[in-house]
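Visitor: Hey, dropping entry-v3.txt in here, compact mmCIF, C-alpha atoms:
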```txt
# COMPACT_ATOMS: atom_id res chain seq x y z
CA MET M 29 -2.33 -30.29 20.01
CA ALA M 30 -3.83 -28.41 22.94
CA ALA M 31 -2.46 -25.19 21.48
CA THR M 32 -4.14 -25.94 18.12
CA ARG M 33 -7.48 -26.62 19.88
CA ALA M 34 -7.12 -23.41 21.86
CA ALA M 35 -6.35 -21.45 18.66
CA ILE M 36 -9.39 -22.96 16.88
CA GLY M 37 -11.56 -22.20 19.94
CA LEU M 38 -10.30 -18.62 20.01
CA TRP M 39 -10.97 -18.26 16.27
CA HIS M 40 -14.56 -19.55 16.68
CA ARG M 41 -15.16 -17.15 19.56
CA LEU M 42 -13.79 -14.24 17.51
CA LEU M 43 -16.06 -15.06 14.56
CA ALA M 44 -19.03 -15.48 16.91
CA LEU M 45 -18.25 -12.11 18.49
CA ILE M 46 -18.05 -10.36 15.09
CA GLY M 47 -21.27 -12.08 14.03
CA SER M 48 -23.13 -11.16 17.22
CA LEU M 49 -21.87 -7.57 17.13
CA LEU M 50 -23.15 -7.27 13.57
CA GLY M 51 -26.32 -9.11 14.54
CA VAL M 52 -27.26 -6.20 16.81
CA LEU M 53 -27.92 -4.21 13.65
CA ALA M 54 -30.31 -6.81 12.28
CA PRO M 55 -33.91 -6.27 13.36
CA GLY M 56 -36.42 -9.06 13.50
CA ALA M 57 -35.89 -12.76 13.05
CA SER M 58 -32.51 -14.06 11.96
CA ARG M 59 -32.08 -15.19 8.35
CA ALA M 60 -29.21 -17.26 7.07
CA VAL M 61 -26.99 -16.01 4.27
CA ASP M 62 -26.00 -18.57 1.66
CA LEU M 63 -22.37 -19.46 1.15
CA PRO M 64 -21.02 -18.70 -2.34
CA GLY M 65 -21.81 -21.67 -4.60
CA ASP M 66 -19.20 -24.20 -5.73
CA LYS M 67 -17.75 -23.29 -9.10
CA ALA M 68 -14.82 -23.55 -11.47
CA GLU M 69 -13.84 -20.75 -13.84
CA ALA M 70 -11.26 -20.47 -16.60
CA LEU M 71 -10.43 -17.19 -18.33
CA VAL M 72 -8.18 -16.26 -21.23
CA HIS M 73 -7.56 -12.51 -21.30
CA SER M 74 -5.79 -10.18 -23.67
CA TYR M 75 -5.06 -6.46 -23.79
CA ILE M 76 -3.51 -4.91 -26.89
CA GLY M 77 -2.93 -1.18 -27.07
CA GLY M 78 -0.35 1.61 -26.88
CA GLY M 79 2.49 -0.79 -27.71
CA VAL M 80 1.58 -3.15 -24.86
CA ASN M 81 0.45 -6.70 -25.44
CA ALA M 82 -0.62 -8.48 -22.24
CA TYR M 83 -2.33 -11.85 -22.24
CA GLY M 84 -2.64 -14.97 -20.15
CA PRO M 85 -4.91 -17.47 -18.47
CA ALA M 86 -6.62 -17.27 -15.09
CA PHE M 87 -8.34 -19.99 -13.08
CA LEU M 88 -10.60 -20.08 -10.06
CA VAL M 89 -11.93 -23.08 -8.13
CA ARG M 90 -14.38 -22.73 -5.25
CA LYS M 91 -15.61 -25.53 -2.99
CA SER M 92 -17.63 -25.48 0.22
CA ILE M 93 -16.86 -27.66 3.20
CA MET M 94 -19.70 -28.81 5.47
CA ASP M 95 -21.86 -25.87 4.26
CA LYS M 96 -20.03 -23.56 6.68
CA VAL M 97 -16.81 -22.60 4.93
CA SER M 98 -16.17 -22.05 1.25
CA LEU M 99 -12.56 -22.21 0.08
CA SER M 100 -11.36 -20.76 -3.19
CA GLY M 101 -8.05 -20.74 -5.01
CA THR M 102 -7.06 -18.54 -7.95
CA TYR M 103 -4.18 -18.40 -10.37
CA TYR M 104 -3.68 -15.42 -12.67
CA MET M 105 -0.96 -14.94 -15.24
CA ASP M 106 0.03 -11.86 -17.24
CA ALA M 107 2.58 -12.26 -20.02
CA VAL M 108 3.51 -8.69 -20.97
CA SER M 109 5.36 -7.50 -24.03
CA ASN M 110 5.94 -3.80 -23.44
CA ALA M 111 6.89 -1.35 -26.18
CA SER M 112 4.80 1.55 -24.86
CA ILE M 113 5.72 5.11 -25.82
CA ASP M 114 7.84 5.92 -22.74
CA VAL M 115 9.58 2.55 -23.03
CA VAL M 116 10.52 2.99 -26.72
CA THR M 117 11.52 6.65 -26.31
CA THR M 118 13.51 6.49 -23.05
CA ALA M 119 14.32 2.78 -22.49
CA SER M 120 14.21 -0.48 -24.44
CA LYS M 121 11.22 -2.76 -24.93
CA TYR M 122 10.96 -5.82 -22.73
CA LYS M 123 8.95 -8.95 -22.00
CA GLU M 124 8.06 -10.27 -18.58
CA THR M 125 5.57 -12.56 -16.90
CA ARG M 126 3.61 -12.02 -13.71
CA HIS M 127 2.22 -14.94 -11.70
CA GLU M 128 -0.40 -14.39 -9.04
CA PHE M 129 -1.72 -17.00 -6.59
CA GLY M 130 -4.62 -16.38 -4.26
CA LEU M 131 -6.43 -18.30 -1.51
CA SER M 132 -9.55 -17.27 0.34
CA ALA M 133 -12.00 -18.70 2.86
CA ASP M 134 -15.60 -17.57 3.31
CA TYR M 135 -17.38 -18.28 6.56
CA VAL M 136 -21.08 -17.72 7.15
CA TYR M 137 -22.44 -16.85 10.58
CA ARG M 138 -26.18 -16.06 10.74
CA ASP M 139 -26.66 -13.08 8.36
CA ALA M 140 -22.96 -12.32 8.08
CA GLN M 141 -20.33 -13.55 5.66
CA ILE M 142 -16.69 -13.23 6.65
CA THR M 143 -13.96 -13.59 4.05
CA LEU M 144 -10.26 -13.99 4.69
CA GLY M 145 -7.90 -13.89 1.73
CA ALA M 146 -4.22 -13.93 0.89
CA MET M 147 -2.51 -13.30 -2.42
CA THR M 148 1.04 -13.33 -3.69
CA SER M 149 2.21 -11.85 -6.99
CA HIS M 150 5.63 -12.34 -8.57
CA GLU M 151 7.38 -10.54 -11.41
CA PRO M 152 11.12 -10.67 -12.05
CA ASP M 153 11.56 -7.24 -10.42
CA TYR M 154 8.46 -6.91 -8.23
CA THR M 155 6.95 -9.08 -5.49
CA ALA M 156 3.71 -8.30 -3.69
CA ASN M 157 2.06 -10.07 -0.77
CA THR M 158 -1.48 -9.11 0.16
CA GLY M 159 -3.93 -10.08 2.89
CA ASN M 160 -7.56 -9.05 3.19
CA ILE M 161 -10.57 -9.43 5.44
CA ASP M 162 -14.11 -8.60 4.32
CA VAL M 163 -17.35 -8.80 6.31
CA THR M 164 -20.80 -8.45 4.77
CA GLN M 165 -23.96 -8.33 6.82
CA GLU M 166 -27.59 -8.33 5.74
CA VAL M 167 -29.73 -5.97 7.79
CA PHE M 168 -33.21 -4.43 7.63
CA GLY M 169 -35.01 -7.64 6.71
CA GLY M 170 -32.51 -8.41 3.96
CA MET M 171 -33.14 -5.12 2.15
CA THR M 172 -29.74 -3.69 3.05
CA THR M 173 -26.32 -5.31 2.88
CA VAL M 174 -23.46 -3.60 4.67
CA ALA M 175 -19.86 -4.51 3.82
CA PHE M 176 -16.56 -3.65 5.47
CA GLY M 177 -13.17 -4.65 4.16
CA PHE M 178 -9.49 -4.14 4.78
CA THR M 179 -6.49 -5.01 2.62
CA LYS M 180 -2.81 -4.71 3.50
CA ALA M 181 -0.17 -5.23 0.85
CA SER M 182 3.61 -5.28 1.14
CA ASP M 183 5.67 -5.00 -2.03
CA LYS M 184 9.35 -5.54 -2.71
CA VAL M 185 10.59 -3.40 -5.59
CA GLY M 186 13.69 -4.33 -7.58
CA LYS M 187 15.34 -3.35 -10.83
CA LYS M 188 16.56 -5.72 -13.50
CA ASN M 189 20.34 -5.87 -13.89
CA SER M 190 20.73 -3.54 -10.88
CA PRO M 191 21.08 -5.74 -7.78
CA GLU M 192 22.06 -2.68 -5.74
CA PHE M 193 18.53 -1.26 -6.16
CA SER M 194 16.05 -2.56 -3.62
CA ASP M 195 13.09 -0.79 -2.07
CA HIS M 196 9.66 -1.52 -0.65
CA ALA M 197 6.08 -0.21 -0.66
CA HIS M 198 3.17 -0.76 1.71
CA HIS M 199 -0.49 -0.27 0.85
CA TRP M 200 -3.56 -0.08 3.08
CA GLN M 201 -7.10 -0.12 1.74
CA TYR M 202 -10.22 0.35 3.88
CA ARG M 203 -13.55 -0.38 2.20
CA PHE M 204 -17.14 0.35 3.12
CA GLY M 205 -20.05 -0.72 0.98
CA LEU M 206 -23.81 -0.62 1.19
CA THR M 207 -26.28 -2.30 -1.16
CA GLN M 208 -29.89 -1.21 -0.83
CA VAL M 209 -33.04 -2.68 -2.34
CA LEU M 210 -35.01 0.41 -3.40
CA THR M 211 -38.06 -1.16 -5.03
CA PRO M 212 -38.95 -4.66 -6.32
CA ARG M 213 -37.13 -3.61 -9.52
CA TRP M 214 -34.29 -1.30 -8.44
CA LEU M 215 -31.08 -1.75 -6.46
CA MET M 216 -28.55 0.84 -5.38
CA SER M 217 -24.99 0.39 -4.14
CA LEU M 218 -22.65 2.84 -2.41
CA ASN M 219 -18.93 2.18 -2.04
CA PHE M 220 -16.37 4.23 -0.21
CA ASP M 221 -12.64 3.40 -0.12
CA ALA M 222 -9.79 5.04 1.76
CA LEU M 223 -6.33 4.09 0.52
CA SER M 224 -2.86 4.84 1.87
CA ASP M 225 0.45 4.09 0.18
CA ASP M 226 3.89 4.37 1.65
CA GLY M 227 7.32 3.63 0.18
CA TYR M 228 8.61 3.50 -3.38
CA LEU M 229 5.60 4.52 -5.49
CA GLY M 230 7.16 4.98 -8.93
CA SER M 231 9.12 2.98 -11.45
CA PRO M 232 12.93 2.70 -11.35
CA TYR M 233 12.92 2.58 -15.18
CA ARG M 234 10.82 5.68 -15.88
CA SER M 235 12.33 9.06 -16.76
CA ALA M 236 11.07 12.58 -16.17
CA ARG M 237 12.00 15.52 -18.41
CA VAL M 238 13.50 18.67 -16.84
CA PHE M 239 14.62 21.54 -19.12
CA GLY M 240 14.43 19.06 -22.02
CA ALA M 241 16.81 16.54 -20.41
CA PHE M 242 15.72 13.11 -19.19
CA VAL M 243 16.36 12.38 -15.50
CA PRO M 244 15.11 9.59 -13.20
CA GLU M 245 11.61 10.40 -11.91
CA ARG M 246 11.22 11.43 -8.27
CA ASN M 247 7.87 10.57 -6.62
CA PRO M 248 6.66 11.34 -3.09
CA ARG M 249 6.84 8.31 -0.79
CA THR M 250 3.32 8.70 0.59
CA ARG M 251 -0.09 8.96 -1.03
CA ASN M 252 -3.56 9.06 0.49
CA SER M 253 -6.62 8.55 -1.68
CA ARG M 254 -10.41 8.57 -1.30
CA ALA M 255 -12.89 7.10 -3.74
CA ALA M 256 -16.70 7.00 -3.61
CA LYS M 257 -19.03 5.30 -6.05
CA ILE M 258 -22.79 5.12 -6.45
CA LYS M 259 -24.43 2.62 -8.76
CA PHE M 260 -28.01 1.80 -9.72
CA VAL M 261 -29.32 -1.38 -11.31
CA GLY M 262 -32.86 -1.50 -12.65
CA ASP M 263 -35.07 -4.22 -14.08
CA LEU M 264 -36.86 -3.32 -17.34
CA GLY M 265 -39.00 -6.46 -17.52
CA SER M 266 -38.83 -8.08 -20.95
CA PHE M 267 -36.34 -5.40 -22.05
CA GLY M 268 -33.72 -6.74 -19.62
CA ALA M 269 -31.85 -4.63 -17.08
CA VAL M 270 -29.87 -1.38 -17.00
CA ASN M 271 -27.09 -0.14 -14.74
CA LEU M 272 -25.59 3.30 -14.24
CA GLY M 273 -22.68 4.30 -12.01
CA TYR M 274 -20.61 7.32 -11.03
CA ARG M 275 -17.32 7.41 -9.11
CA TYR M 276 -15.42 10.39 -7.68
CA TYR M 277 -11.76 10.06 -6.75
CA THR M 278 -9.32 12.45 -5.07
CA ASP M 279 -5.86 12.06 -3.54
CA THR M 280 -3.04 13.96 -1.87
CA TRP M 281 -1.13 14.10 -5.18
CA ASP M 282 -3.92 16.44 -6.35
CA ILE M 283 -5.41 14.00 -8.84
CA LYS M 284 -9.16 14.35 -9.14
CA ALA M 285 -11.07 11.90 -11.30
CA HIS M 286 -14.64 11.28 -12.42
CA THR M 287 -15.88 8.00 -13.85
CA VAL M 288 -19.30 7.38 -15.41
CA ASP M 289 -20.32 3.93 -16.59
CA GLY M 290 -23.49 2.31 -17.76
CA GLY M 291 -24.76 -0.83 -19.39
CA TRP M 292 -27.75 -2.73 -20.68
CA SER M 293 -28.31 -6.49 -20.40
CA ARG M 294 -30.92 -8.67 -22.01
CA TYR M 295 -31.72 -12.37 -22.42
CA PHE M 296 -32.31 -13.70 -25.92
CA GLY M 297 -34.16 -16.97 -25.55
CA GLU M 298 -33.12 -19.35 -22.77
CA LYS M 299 -29.52 -19.78 -23.89
CA TRP M 300 -28.19 -16.31 -24.65
CA LEU M 301 -27.50 -13.24 -22.54
CA ALA M 302 -26.11 -10.08 -24.15
CA ASP M 303 -24.61 -7.00 -22.48
CA VAL M 304 -23.50 -3.72 -24.00
CA PHE M 305 -21.67 -1.17 -21.86
CA ALA M 306 -19.87 2.15 -22.02
CA ARG M 307 -17.51 4.01 -19.69
CA TYR M 308 -16.05 7.51 -19.54
CA TYR M 309 -13.12 8.46 -17.32
CA THR M 310 -11.39 11.81 -16.83
CA GLN M 311 -8.67 12.99 -14.43
CA THR M 312 -6.54 16.03 -13.59
CA HIS M 313 -2.76 15.69 -13.30
CA ALA M 314 -0.70 15.17 -10.15
CA ASN M 315 0.85 18.39 -8.83
CA PHE M 316 4.40 17.14 -9.55
CA TYR M 317 3.60 15.87 -13.07
CA SER M 318 5.17 17.69 -15.97
CA ASP M 319 5.68 16.80 -19.61
CA ASN M 320 8.80 18.98 -19.55
CA ALA M 321 9.49 20.73 -16.24
CA LEU M 322 10.89 24.24 -16.52
CA THR M 323 11.63 24.63 -12.79
CA GLU M 324 13.62 22.42 -10.44
CA THR M 325 11.31 20.73 -7.91
CA VAL M 326 11.79 18.07 -5.23
CA TYR M 327 9.39 15.71 -7.00
CA VAL M 328 8.98 15.36 -10.73
CA SER M 329 7.32 12.71 -12.90
CA ARG M 330 6.44 12.21 -16.53
CA ASN M 331 4.30 9.17 -15.82
CA ARG M 332 1.33 9.62 -18.16
CA GLN M 333 -0.86 7.75 -15.64
CA LEU M 334 -0.50 10.91 -13.52
CA SER M 335 -1.16 13.35 -16.40
CA THR M 336 -4.39 15.07 -17.43
CA PHE M 337 -6.28 12.71 -19.70
CA ASN M 338 -9.56 11.04 -20.44
CA ASP M 339 -10.53 7.67 -21.81
CA TYR M 340 -13.78 6.29 -23.07
CA GLY M 341 -14.65 2.69 -23.80
CA VAL M 342 -17.51 0.76 -25.36
CA GLY M 343 -17.92 -2.97 -25.23
CA ALA M 344 -20.15 -6.00 -25.46
CA ARG M 345 -20.40 -9.34 -23.72
CA LEU M 346 -22.17 -12.43 -25.00
CA SER M 347 -22.94 -15.33 -22.70
CA TYR M 348 -24.07 -18.75 -23.95
CA ASN M 349 -25.56 -21.34 -21.62
CA VAL M 350 -23.80 -24.51 -22.80
CA ARG M 351 -25.61 -26.92 -20.53
CA ARG M 352 -27.84 -26.61 -17.54
CA VAL M 353 -29.31 -29.23 -15.24
CA PRO M 354 -31.27 -27.35 -12.53
CA GLY M 355 -30.01 -28.18 -9.06
CA ARG M 356 -26.94 -30.01 -10.40
CA TYR M 357 -24.75 -27.91 -12.66
CA ASP M 358 -24.67 -24.95 -15.03
CA VAL M 359 -21.99 -24.34 -17.67
CA LYS M 360 -21.60 -20.99 -19.44
CA LEU M 361 -19.27 -19.72 -22.14
CA ILE M 362 -18.76 -15.96 -22.24
CA GLY M 363 -16.94 -13.70 -24.68
CA THR M 364 -16.18 -10.02 -24.02
CA TYR M 365 -14.72 -7.29 -26.20
CA GLU M 366 -14.04 -3.66 -25.24
CA TYR M 367 -12.42 -0.85 -27.21
CA THR M 368 -11.00 2.08 -25.23
CA THR M 369 -9.61 5.37 -26.56
CA TYR M 370 -7.07 7.29 -24.45
CA ARG M 371 -6.56 11.01 -25.06
CA PHE M 372 -3.74 12.77 -23.18
CA LYS M 373 -3.96 16.54 -22.64
CA ASP M 374 -0.44 17.31 -21.37
CA PHE M 375 1.67 14.31 -22.40
CA THR M 376 3.44 14.53 -25.73
CA ASP M 377 5.12 12.05 -28.02
CA VAL M 378 8.75 13.25 -27.81
CA ARG M 379 9.35 12.03 -31.39
CA THR M 380 6.72 14.35 -32.87
CA GLY M 381 6.00 16.88 -30.11
CA GLU M 382 2.27 16.22 -30.53
CA LEU M 383 -0.20 15.24 -27.81
CA TYR M 384 -0.31 11.47 -27.39
CA GLY M 385 -3.30 9.16 -27.68
CA TYR M 386 -4.05 5.56 -28.57
CA GLY M 387 -6.77 2.93 -28.80
CA ALA M 388 -6.78 -0.39 -26.95
CA ASN M 389 -8.55 -3.72 -27.46
CA LEU M 390 -9.54 -5.92 -24.54
CA PHE M 391 -10.65 -9.53 -25.13
CA GLN M 392 -11.88 -12.15 -22.70
CA VAL M 393 -13.04 -15.72 -23.27
CA TYR M 394 -14.42 -17.24 -20.13
CA LEU M 395 -15.82 -20.64 -19.14
CA SER M 396 -17.79 -20.84 -15.91
CA ALA M 397 -19.22 -23.98 -14.33
CA THR M 398 -21.30 -23.97 -11.15
CA TYR M 399 -22.07 -27.29 -9.50
CA MET V 152 -23.87 36.02 19.80
CA THR V 153 -22.91 33.17 17.55
CA MET V 154 -22.91 30.73 20.47
CA SER V 155 -26.35 31.80 21.65
CA ARG V 156 -27.70 31.47 18.07
CA ALA V 157 -26.27 27.94 17.86
CA LEU V 158 -27.83 27.02 21.20
CA ALA V 159 -31.18 28.43 20.08
CA CYS V 160 -31.01 26.39 16.85
CA ALA V 161 -30.10 23.23 18.78
CA ALA V 162 -32.99 23.80 21.20
CA LEU V 163 -35.41 24.35 18.29
CA LEU V 164 -34.18 21.18 16.55
CA GLY V 165 -34.53 19.21 19.78
CA ALA V 166 -38.05 20.51 20.32
CA LEU V 167 -39.01 19.63 16.74
CA LEU V 168 -37.62 16.09 17.07
CA ALA V 169 -39.31 15.59 20.42
CA GLY V 170 -42.60 16.90 19.11
CA CYS V 171 -42.60 14.86 15.91
CA SER V 172 -43.75 11.28 15.99
CA VAL V 173 -41.05 9.58 13.87
CA PRO V 174 -42.77 6.84 11.82
CA LYS V 175 -41.26 3.40 12.33
CA LEU V 176 -39.22 2.46 9.30
CA GLU V 177 -39.87 -1.09 8.14
CA PRO V 178 -38.61 -3.06 5.13
CA TRP V 179 -40.90 -1.94 2.31
CA VAL V 180 -39.92 -4.59 -0.25
CA LYS V 181 -40.92 -8.00 1.09
CA PRO V 182 -38.82 -11.11 0.38
CA TYR V 183 -41.52 -12.49 -1.98
CA GLU V 184 -41.31 -9.27 -4.03
CA ARG V 185 -37.58 -9.72 -4.73
CA GLU V 186 -37.85 -12.41 -7.41
CA ARG V 187 -36.64 -10.10 -10.19
CA LEU V 188 -33.77 -8.81 -8.05
CA ALA V 189 -32.48 -12.37 -7.60
CA ASP V 190 -31.96 -12.81 -11.36
CA PRO V 191 -28.23 -12.97 -12.27
CA ILE V 192 -28.86 -10.11 -14.74
CA MET V 193 -29.35 -7.80 -11.72
CA LYS V 194 -26.05 -8.63 -10.01
CA LEU V 195 -23.69 -5.70 -9.38
CA SER V 196 -20.68 -7.91 -10.14
CA ARG V 197 -21.43 -11.05 -12.12
CA ASP V 198 -18.09 -12.81 -12.69
CA SER V 199 -15.13 -12.33 -10.38
CA LEU V 200 -12.26 -13.39 -12.69
CA PRO V 201 -13.18 -11.16 -15.68
CA ASP V 202 -13.92 -8.27 -13.27
CA LYS V 203 -10.50 -8.72 -11.70
CA HIS V 204 -8.83 -8.56 -15.13
CA VAL V 205 -10.66 -5.37 -16.12
CA GLU V 206 -9.84 -3.76 -12.76
CA HIS V 207 -6.16 -4.67 -13.20
CA VAL V 208 -6.10 -3.15 -16.72
CA ARG V 209 -7.54 0.11 -15.35
CA ASP V 210 -5.43 0.19 -12.16
CA VAL V 211 -2.18 0.25 -14.12
CA ARG V 212 -3.34 2.93 -16.60
CA GLU V 213 -5.48 5.35 -14.64
CA GLY V 214 -4.58 7.52 -11.65
CA ALA V 215 -7.78 6.69 -9.76
CA ARG V 216 -8.48 3.42 -8.02
CA GLY V 217 -10.84 1.91 -5.50
CA ALA V 218 -14.57 1.91 -4.69
CA THR V 219 -15.27 -0.59 -7.46
CA GLY V 220 -16.86 -3.07 -5.07
CA VAL V 221 -14.46 -5.81 -6.22
CA GLN V 222 -13.63 -7.73 -3.06
CA GLY V 223 -10.00 -7.99 -2.00
CA GLY V 224 -9.16 -4.94 -4.07
CA GLY V 225 -5.72 -3.60 -4.84
CA CYS V 226 -3.21 -4.82 -7.33
CA GLY V 227 0.19 -6.05 -6.32
CA CYS V 228 2.02 -5.12 -9.47
CA ASN V 229 3.77 -2.22 -11.14
```
How would this structure read if it were set down as structure tokens?

Guide:
Amino acid sequence: MAATRAAIGLWHRLLALIGSLLGVLAPGASRAVDLPGDKAEALVHSYIGGGVNAYGPAFLVRKSIMDKVSLSGTYYMDAVSNASIDVVTTASKYKETRHEFGLSADYVYRDAQITLGAMTSHEPDYTANTGNIDVTQEVFGGMTTVAFGFTKASDKVGKKNSPEFSDHAHHWQYRFGLTQVLTPRWLMSLNFDALSDDGYLGSPYRSARVFGAFVPERNPRTRNSRAAKIKFVGDLGSFGAVNLGYRYYTDTWDIKAHTVDGGWSRYFGEKWLADVFARYYTQTHANFYSDNALTETVYVSRNRQLSTFNDYGVGARLSYNVRRVPGRYDVKLIGTYEYTTYRFKDFTDVRTGELYGYGANLFQVYLSATY
Amino acid sequence: MTMSRALACAALLGALLAGCSVPKLEPWVKPYERERLADPIMKLSRDSLPDKHVEHVRDVREGARGATGVQGGGCGCN
């Protein structure tokens, strides 16, 4: 009992210390940040494209306790039927289900919000356990929000019908974010992530092609990545709002990627909100990627995720306010559709020898209730 | 030669900073001017569950990841 009290006391002191350290950055009088509001969300999601059909439900419930801590729980399911091109040409199609459970607690101290989270994900041949801590702090009279985050994940990798295969992977992600009010109508955000991976970073089922023969892929066991994104959101008055973002990515596997996205949102009456959005993504291939390697190398992969390709998507979201009682509850029903085209530059369909490409449909139906 | 040039540049920069009166930077958008920014339409990330799904779809198909601003980040899956 005494040990529990001591642990709680230590925890409070630690949070107070983090809060006061961050508080040094905040000029002027202290303002309180609001805890995330109580809510319940239900989502049905579906992705159909390139021979893959993935669908499932997801749920989130969030509830605050004594206006100091907000707890949330999530469940996410992915039922995958996979007959993608590398599966049908070098393996056999399969079905599997992934279950993911998450818990998180948000704590507010003065102008800071501290979030602790844990997540566990299970597939028949892959288990992942993840923990994260995120701290956001309002500074500069509330015009700037600074965010720091850290995630550590430990995965156990297996292979179906091969009990002798067992490996692991560890992932570290460090996040820094800054949101800045530019004018009464414009916001800007900057995000910078540093990621490190260590362990088994491929798939035990995937094959590479060397001198025309299929062999198990061989990936490096470490990878370090950097990603930076800038995004602007602007208010257009009665014409709604626009957003525009750009992300640059680079890693030690020599992949370099650029992402541009943008969208426009507008209310139609009091009940409807419509969004249209578009996204373009392009990347260079990893230095050990080859569609058909003609030299023997230590590492070799034919994973098209590591190839040179681009994709572009367009989509729309429609939100309907089912019922709203100000100060009590708000229920919304939202539908989203996005079509994405993938075009590979150095990955061929081995059945035809032609460059591969496909289109994919993403659907979401989502019910959100705040109370 | 290079060192002395660097020192001269540093001295010049120091003199410029010391000589300039740096204006005090204050929040230029007051809280009462942020009504439009508080509208849900202006949020950088509006709904966490749908955002998580979209991020997962991209994480397993694209080589790049990260810096999306989605809290927690990462995807424990293959």

Visitor: May I have the residues within 10 Å of Lys257 of chain M as a PyMOL selection string, using only C-alpha atoms and disregarding those fewer than 5 positions away in the same chain?

Guide: (chain M and resi 205+217-221+273-277+286-288) or (chain V and resi 217-220)

Visitor: Show me as a PDB file with C-alpha atoms, in the frame of the given file the residues that reach within 6 Å of (-4.2, 7.8, -1.3), counting only C-alpha atoms and using the file's own coordinates.

Guide:
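Done, and the output landed in out08.pdb:
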```pdb
ATOM      1  CA  LEU M 223      -6.330   4.090   0.520  1.00  0.00           C
ATOM      2  CA  SER M 224      -2.860   4.840   1.870  1.00  0.00           C
ATOM      3  CA  ARG M 251      -0.090   8.960  -1.030  1.00  0.00           C
ATOM      4  CA  ASN M 252      -3.560   9.060   0.490  1.00  0.00           C
ATOM      5  CA  SER M 253      -6.620   8.550  -1.680  1.00  0.00           C
ATOM      6  CA  ASP M 279      -5.860  12.060  -3.540  1.00  0.00           C
TER       7      ASP M 279
END
```

Visitor: Env of segment 64-79 of chain M: 8 Å cut, atoms = all atoms listed in the file, seq-sep filter 4 positions within chain, self excluded. Answer as an NGL selection string.

Guide: (:M and (83-92 or 98 or 110-113 or 134 or 386-399)) or (:V and (200-201 or 204 or 208))

Visitor: Please determine, counting all atoms listed in the file, which residue among M:Ser293, M:Thr173, M:Thr155, M:Thr164 has the shortest atom-to-atom distance to His196 of chain M.

Guide: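 Checking each of M:Ser293, M:Thr173, M:Thr155, M:Thr164 against His196 of chain M, counting all atoms listed in the file, the winner is M:Thr155.
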
Visitor: Which of these, V:Lys194, V:His207, V:Lys175, V:Arg212, has the shortest distance to Phe337 of chain M once you count all atoms listed in the file?

Guide: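 Closest residue, counting all atoms listed in the file: V:Arg212.
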
Visitor: What are the residues of chain M that have an atom within 7 Å of an atom of chain V, counting only C-alpha atoms, as number ranges by chain?

Guide: M: 149, 154, 156, 160, 168-169, 171, 179, 211-213, 219-221, 255-257, 261, 269, 277, 285, 293, 333-334

Visitor: Just the number, please: distance in Å from atom CA of Met147 of chain M to atom CA of Phe129 of chain M, one decimal.

Guide: 5.6 Å

Visitor: Excluding same-chain residues fewer than 4 positions from Arg345 of chain M, what lies within 7 Å of it counting all atoms listed in the file, as a list of chain:residue names?

Guide: M:Ala302, M:Asp303, M:Val304, M:Ile362, M:Gly363, M:Thr364, M:Tyr365

Visitor: Quick one: distance from atom CA of Gln311 of chain M to atom CA of Thr376 of chain M in Å, one decimal?

Guide: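 According to the coordinates, atom CA of Gln311 of chain M and atom CA of Thr376 of chain M are separated by 16.6 Å.
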
Visitor: So that I can see what lies close to Gly291 of chain M, please list as a ChimeraX atom specification the residues with an atom at most 8 Å from it, counting all atoms listed in the file and leaving out residues fewer than 4 positions away in the same chain.

Guide: /M:270-272,303-306

Visitor: Could you write segment 199-207 of chain V as a PDB file, in the coordinates of the input, with N, CA and C atoms rebuilt where they are missing?

Guide:
```
ATOM      1  N   SER V 199     -16.276 -12.897 -11.093  1.00  0.00           N
ATOM      2  CA  SER V 199     -15.130 -12.330 -10.380  1.00  0.00           C
ATOM      3  C   SER V 199     -13.843 -12.312 -11.200  1.00  0.00           C
ATOM      4  N   LEU V 200     -13.540 -13.373 -11.936  1.00  0.00           N
ATOM      5  CA  LEU V 200     -12.260 -13.390 -12.690  1.00  0.00           C
ATOM      6  C   LEU V 200     -12.210 -12.328 -13.787  1.00  0.00           C
ATOM      7  N   PRO V 201     -13.227 -12.223 -14.659  1.00  0.00           N
ATOM      8  CA  PRO V 201     -13.180 -11.160 -15.680  1.00  0.00           C
ATOM      9  C   PRO V 201     -13.177  -9.765 -15.056  1.00  0.00           C
ATOM     10  N   ASP V 202     -13.902  -9.580 -13.944  1.00  0.00           N
ATOM     11  CA  ASP V 202     -13.920  -8.270 -13.270  1.00  0.00           C
ATOM     12  C   ASP V 202     -12.533  -7.922 -12.760  1.00  0.00           C
ATOM     13  N   LYS V 203     -11.847  -8.926 -12.229  1.00  0.00           N
ATOM     14  CA  LYS V 203     -10.500  -8.720 -11.700  1.00  0.00           C
ATOM     15  C   LYS V 203      -9.539  -8.294 -12.818  1.00  0.00           C
ATOM     16  N   HIS V 204      -9.682  -8.911 -13.992  1.00  0.00           N
ATOM     17  CA  HIS V 204      -8.830  -8.560 -15.130  1.00  0.00           C
ATOM     18  C   HIS V 204      -9.068  -7.112 -15.558  1.00  0.00           C
ATOM     19  N   VAL V 205     -10.331  -6.739 -15.684  1.00  0.00           N
ATOM     20  CA  VAL V 205     -10.660  -5.370 -16.120  1.00  0.00           C
ATOM     21  C   VAL V 205     -10.145  -4.360 -15.083  1.00  0.00           C
ATOM     22  N   GLU V 206     -10.310  -4.684 -13.801  1.00  0.00           N
ATOM     23  CA  GLU V 206      -9.840  -3.760 -12.760  1.00  0.00           C
ATOM     24  C   GLU V 206      -8.322  -3.613 -12.823  1.00  0.00           C
ATOM     25  N   HIS V 207      -7.632  -4.715 -13.092  1.00  0.00           N
ATOM     26  CA  HIS V 207      -6.160  -4.670 -13.200  1.00  0.00           C
ATOM     27  C   HIS V 207      -5.733  -3.789 -14.377  1.00  0.00           C
TER      28      HIS V 207
END
```
